[in-house]
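Engineer: Provided herewith is a single structure, encoded as structure tokens, for subsequent inquiry.
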Amino acid sequence: MILRLRPKDGNPHLITLTQAQDRLERSLQEELRGTRSELAHNLTKIMELEASQLAALRQEIARFGQGNDQKMEQLRETVDRKLRDLQTDNAARLEQIRKTVDDKLHETLEKRLGESFKLVGDRLEQVQAGLGEMRALAAGVGDLKRVLVNVKNRGTWGEVQLISIIQDLLAPHQYELNAAMQPGSQERVEVAIRLPGSAGSAGSAGSAGTAGSAGEGIKDRPVLLPIDAKFPKEDYERLVSARENGDSLASEEAGKLLERRLKISAKDIYEKYIHPPYTTDFGILFLPSEGLFAEILSRPGLAESLQREFRVVIAGPTTLAAMINSLQMGFRTLAVEQRTTEVWRTLSLVKTEFEKFGALLDKTRKKLQEAADTVDLADKKSRTIQGKLKKAEQLQEPERVTQALPGLPDFGSAD
């Protein structure tokens with residue numbers, strides 16, 4: 001954009017500049033028109049040249065396209081033929097592979113199905129056997145439940161469990177079954193453990209036929225530790241059921257009934273089976289259920305009250321086993337002490353006999369020394385006698401020869 005100067009107030013310099021600017025503008029416009037015409041002429045030539053070249057290129061492309069079409073047709077026919085051959089070969093191979101795969105699949109499927117059916121059959125047999133065992137177990141549980149409903153049978157079951165524990169842990173001479181706690185008593189405890197008695201202790205009365213004669217001392221008998229089995233199943237189940245139902249009042253009432261039942265059982269043991277000096281001054285109340293034993297111990301002051309009032313200790317299966325093991329250690333310690341006394345007594349006798357043996361050995365050594373001296377003297381005498389005999393033989397030999405051959409010269413003389 002050309003800025004035109006407008007003359008103002010007829011200033012000659014500005015008029016001159018304006019005229020020069022007009023001339024310059026006209027000159028530039030003429031040059032621009034010439035340049036445009038030249039550019040248009042050049043563009044026309046370039047376009048004509050490009051058009052001719054494009055036409056030549058089109059002709060060349062057409063010729064190349066025709067050659068390519070022929071080559072592509074030949075290539076397409078070759079590829080089609082190769083593809084048909086490849087398809088035919090692949091079809092044959094695929095058919096062979098399909099037959100092989102079908103055979104393998106059929107064989108494998110039959111084998112796997114046979115193994116699976118056999119495995120399923122074995123599992124079904126095992127399940128059937130397990131169901132039979134479950135039925136037998138259910139029947140056994142029902143029988144056990146029916147047994148435990150009866151109070152007498154339930155007591156017998158607790159007694160059997162108690163006897164089983166005792167027999168597993170003690171030797172036959174260390175316990176007694178159905179033992180009378182004192183002479184002439186008709187009350188018999190289920191199990192009594194024989195504890196070693198001392199000179200001032202009392203022993204058991206033994207069984208009815210083994211009470212012993214009047215001359216037999218009490219100090220020679222062991223002291224019995226009574227153990228009685230109790231199983232208040234109904235009271236315990238009533239307590240557990242009340243707790244599961246969330247009935248606090250029923251739970252408290254059932255707990256009181258259970259405590260009352262335990263106190264009655266402990267009193268029964270105290271009155272029937274604890275009779276010092278024939279027995280220990282305490283007894284054991286055996287509970288065959290660990291759950292029941294834990295419940296009794298969890299009730300505040302109940303176990304201590306039974307021990308303080310009735311001299312009865314509560315024991316479950318595990319606790320009773322621990323008690324018996326402790327008693328076993330006492331038995332072993334006592335046996336070791338008894339054996340130690342016997343050993344010391346034997347050592348004293350051996351010491352006395354050994355002193356006698358030492359004196360006898362001294363006498364024997366003296367006799368042997370005398371015999372050795374006598375043998376040495378006899379040996380010396382023997383050597384002396386042998387020397388004299390040799391001399392006698394040398395002196396008698398010429399004389400014997402002369403007597404045997406008379407008339408011969410005497411060769412034995414020095415001449």
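A note on labels: chains of the structure tokens are A, B, ... as shown, every chain counts residues from 1, and ligands are counted from 1 in their shown order.
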From a backbone DSSP assignment, name each residue in segment 221-405 of chain A labelled helix (DSSP H, G or I), as number ranges by chain.
Structural biologist: A: 233-244, 248-273, 290-298, 302-310, 317-404
Engineer: From the DSSP assignment of the backbone, select every residue of segment 151-312 of chain A that is strand (DSSP E), and format the answer as a PyMOL selection string.
Structural biologist: chain A and resi 175-180+188-195+223-229+283-286+312
Engineer: Export, as a PDB file, in the first residue's frame, the selected residues with C-alpha atoms.
Structural biologist:
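Printed below is result.pdb as written:
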```pdb
ATOM      1  CA  TYR A 175      -5.096-101.211  92.431  1.00  0.00           C
ATOM      2  CA  GLU A 176      -8.162-103.155  93.571  1.00  0.00           C
ATOM      3  CA  LEU A 177     -11.641-103.373  92.015  1.00  0.00           C
ATOM      4  CA  ASN A 178     -14.849-103.423  94.113  1.00  0.00           C
ATOM      5  CA  ALA A 179     -12.790-103.010  97.256  1.00  0.00           C
ATOM      6  CA  ALA A 180     -14.207-102.816 100.807  1.00  0.00           C
ATOM      7  CA  ARG A 188     -17.534-101.320  98.011  1.00  0.00           C
ATOM      8  CA  VAL A 189     -15.925 -98.628  95.896  1.00  0.00           C
ATOM      9  CA  GLU A 190     -15.477 -99.123  92.154  1.00  0.00           C
ATOM     10  CA  VAL A 191     -11.693 -98.661  92.141  1.00  0.00           C
ATOM     11  CA  ALA A 192      -9.174 -98.265  94.966  1.00  0.00           C
ATOM     12  CA  ILE A 193      -5.486 -97.552  94.475  1.00  0.00           C
ATOM     13  CA  ARG A 194      -3.099 -99.339  96.831  1.00  0.00           C
ATOM     14  CA  LEU A 195      -0.767 -96.856  98.505  1.00  0.00           C
ATOM     15  CA  VAL A 223      -3.674 -97.730 102.411  1.00  0.00           C
ATOM     16  CA  LEU A 224      -6.503 -97.504  99.845  1.00  0.00           C
ATOM     17  CA  LEU A 225      -7.350 -94.392  97.828  1.00  0.00           C
ATOM     18  CA  PRO A 226     -11.056 -94.653  96.816  1.00  0.00           C
ATOM     19  CA  ILE A 227     -12.141 -93.482  93.342  1.00  0.00           C
ATOM     20  CA  ASP A 228     -15.849 -93.395  92.422  1.00  0.00           C
ATOM     21  CA  ALA A 229     -17.318 -92.487  88.992  1.00  0.00           C
ATOM     22  CA  GLY A 283     -11.357 -89.588  97.887  1.00  0.00           C
ATOM     23  CA  ILE A 284     -11.610 -88.887  94.160  1.00  0.00           C
ATOM     24  CA  LEU A 285     -14.879 -88.238  92.289  1.00  0.00           C
ATOM     25  CA  PHE A 286     -14.292 -89.191  88.637  1.00  0.00           C
ATOM     26  CA  VAL A 312     -13.418 -85.168  97.780  1.00  0.00           C
TER      27      VAL A 312
END
```
Engineer: Compile the contact shell of Pro232 of chain A as an MDAnalysis selection string: residues with an atom at most 8 Å away, counting only C-alpha atoms, same-chain residues fewer than 6 positions apart removed.
Structural biologist: chainID A and resid 258 261:262
Engineer: Would you mind exporting C-alpha atoms of the selected residues as a tab-separated table (two decimals), in the first residue's frame?
Structural biologist:
```tsv
chain	number	residue	atom	x	y	z
A	258	LEU	CA	-25.86	-79.58	89.00
A	261	ARG	CA	-26.10	-83.22	92.53
A	262	LEU	CA	-22.30	-83.00	92.82
```
Engineer: Got a sec: who's within 9 Å of segment 295-303 of chain A, counting only C-alpha atoms, leaving out chain neighbours fewer than 3 positions off, as number ranges by chain?
Structural biologist: A: 236, 255, 258-259, 262-263, 290-292, 306-308, 312-314
Engineer: Take the residues from that selection and write them out as a compact mmCIF listing (two decimals), in the first residue's frame, keeping all heavy atoms.
Structural biologist:
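The resulting file, again23.txt, is reproduced below:
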```txt
# COMPACT_ATOMS: atom_id res chain seq x y z
N TYR A 236 -26.33 -81.75 83.40
CA TYR A 236 -25.38 -81.05 82.54
C TYR A 236 -26.01 -80.69 81.19
O TYR A 236 -25.85 -79.57 80.70
CB TYR A 236 -24.15 -81.92 82.34
CG TYR A 236 -23.12 -81.32 81.42
CD1 TYR A 236 -22.52 -80.09 81.72
CD2 TYR A 236 -22.73 -81.97 80.25
CE1 TYR A 236 -21.59 -79.54 80.87
CE2 TYR A 236 -21.78 -81.42 79.41
CZ TYR A 236 -21.21 -80.20 79.72
OH TYR A 236 -20.29 -79.65 78.88
N GLY A 255 -27.70 -74.80 86.77
CA GLY A 255 -26.40 -74.80 87.44
C GLY A 255 -26.53 -75.13 88.91
O GLY A 255 -25.71 -75.88 89.48
N LEU A 258 -27.10 -78.84 89.22
CA LEU A 258 -25.86 -79.58 89.00
C LEU A 258 -24.96 -79.52 90.22
O LEU A 258 -24.37 -80.53 90.63
CB LEU A 258 -25.14 -79.01 87.78
CG LEU A 258 -23.83 -79.69 87.37
CD1 LEU A 258 -24.05 -81.15 87.03
CD2 LEU A 258 -23.18 -78.96 86.19
N GLU A 259 -24.85 -78.34 90.85
CA GLU A 259 -24.04 -78.22 92.06
C GLU A 259 -24.61 -79.09 93.19
O GLU A 259 -23.85 -79.76 93.91
CB GLU A 259 -23.98 -76.76 92.50
CG GLU A 259 -23.18 -75.86 91.58
CD GLU A 259 -23.12 -74.43 92.09
OE1 GLU A 259 -23.58 -74.20 93.23
OE2 GLU A 259 -22.60 -73.56 91.37
N LEU A 262 -23.70 -82.72 92.53
CA LEU A 262 -22.30 -83.00 92.82
C LEU A 262 -22.06 -83.07 94.32
O LEU A 262 -21.30 -83.92 94.81
CB LEU A 262 -21.41 -81.92 92.19
CG LEU A 262 -20.76 -82.26 90.85
CD1 LEU A 262 -19.75 -83.38 91.03
CD2 LEU A 262 -21.78 -82.63 89.80
N LYS A 263 -22.70 -82.18 95.09
CA LYS A 263 -22.51 -82.21 96.55
C LYS A 263 -23.09 -83.50 97.14
O LYS A 263 -22.51 -84.09 98.06
CB LYS A 263 -23.18 -80.99 97.17
CG LYS A 263 -22.43 -79.70 96.88
CD LYS A 263 -23.09 -78.51 97.56
CE LYS A 263 -22.31 -77.22 97.29
NZ LYS A 263 -22.93 -76.04 97.93
N GLU A 290 -14.92 -84.57 79.83
CA GLU A 290 -14.06 -83.39 80.02
C GLU A 290 -14.89 -82.11 80.05
O GLU A 290 -14.56 -81.17 80.78
CB GLU A 290 -13.02 -83.32 78.90
CG GLU A 290 -11.95 -84.39 78.95
CD GLU A 290 -10.98 -84.21 80.10
OE1 GLU A 290 -11.07 -83.16 80.79
OE2 GLU A 290 -10.16 -85.10 80.34
N GLY A 291 -15.97 -82.06 79.26
CA GLY A 291 -16.83 -80.87 79.27
C GLY A 291 -17.49 -80.68 80.62
O GLY A 291 -17.56 -79.56 81.15
N LEU A 292 -17.99 -81.78 81.19
CA LEU A 292 -18.61 -81.69 82.51
C LEU A 292 -17.58 -81.31 83.56
O LEU A 292 -17.85 -80.49 84.46
CB LEU A 292 -19.25 -83.04 82.85
CG LEU A 292 -19.89 -83.17 84.24
CD1 LEU A 292 -20.97 -82.14 84.43
CD2 LEU A 292 -20.44 -84.58 84.42
N LEU A 306 -16.27 -78.81 97.81
CA LEU A 306 -16.33 -80.26 97.90
C LEU A 306 -15.10 -80.82 98.61
O LEU A 306 -15.20 -81.78 99.39
CB LEU A 306 -16.45 -80.85 96.49
CG LEU A 306 -17.71 -80.51 95.71
CD1 LEU A 306 -17.66 -81.14 94.34
CD2 LEU A 306 -18.96 -80.97 96.46
N GLN A 307 -13.95 -80.23 98.36
CA GLN A 307 -12.73 -80.72 98.98
C GLN A 307 -12.69 -80.36 100.47
O GLN A 307 -12.23 -81.15 101.29
CB GLN A 307 -11.52 -80.13 98.26
CG GLN A 307 -10.19 -80.70 98.73
CD GLN A 307 -9.04 -80.23 97.87
OE1 GLN A 307 -9.24 -79.45 96.94
NE2 GLN A 307 -7.84 -80.67 98.20
N ARG A 308 -13.20 -79.17 100.80
CA ARG A 308 -13.16 -78.73 102.19
C ARG A 308 -14.21 -79.44 103.05
O ARG A 308 -13.92 -79.87 104.18
CB ARG A 308 -13.36 -77.21 102.24
CG ARG A 308 -13.25 -76.62 103.64
CD ARG A 308 -13.38 -75.11 103.59
NE ARG A 308 -14.64 -74.69 103.01
CZ ARG A 308 -14.77 -74.17 101.79
NH1 ARG A 308 -13.70 -74.04 101.02
NH2 ARG A 308 -15.95 -73.79 101.33
N VAL A 312 -13.29 -84.53 99.09
CA VAL A 312 -13.42 -85.17 97.78
C VAL A 312 -12.76 -84.26 96.73
O VAL A 312 -13.04 -83.07 96.68
CB VAL A 312 -14.89 -85.44 97.43
CG1 VAL A 312 -15.02 -85.89 95.98
CG2 VAL A 312 -15.46 -86.49 98.35
N VAL A 313 -11.93 -84.87 95.90
CA VAL A 313 -11.26 -84.15 94.81
C VAL A 313 -11.93 -84.52 93.50
O VAL A 313 -12.15 -85.70 93.21
CB VAL A 313 -9.75 -84.51 94.76
CG1 VAL A 313 -9.07 -83.79 93.60
CG2 VAL A 313 -9.08 -84.14 96.07
N ILE A 314 -12.27 -83.49 92.67
CA ILE A 314 -12.89 -83.71 91.37
C ILE A 314 -11.79 -83.99 90.34
O ILE A 314 -10.76 -83.32 90.32
CB ILE A 314 -13.72 -82.49 90.94
CG1 ILE A 314 -14.75 -82.15 92.00
CG2 ILE A 314 -14.41 -82.74 89.61
CD1 ILE A 314 -15.79 -83.22 92.20
```
Engineer: Can you measure atom CA of Thr280 of chain A to atom CA of Lys233 of chain A for me? One decimal in Å is fine.
Structural biologist: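 Distance between the two atoms: 28.5 Å.
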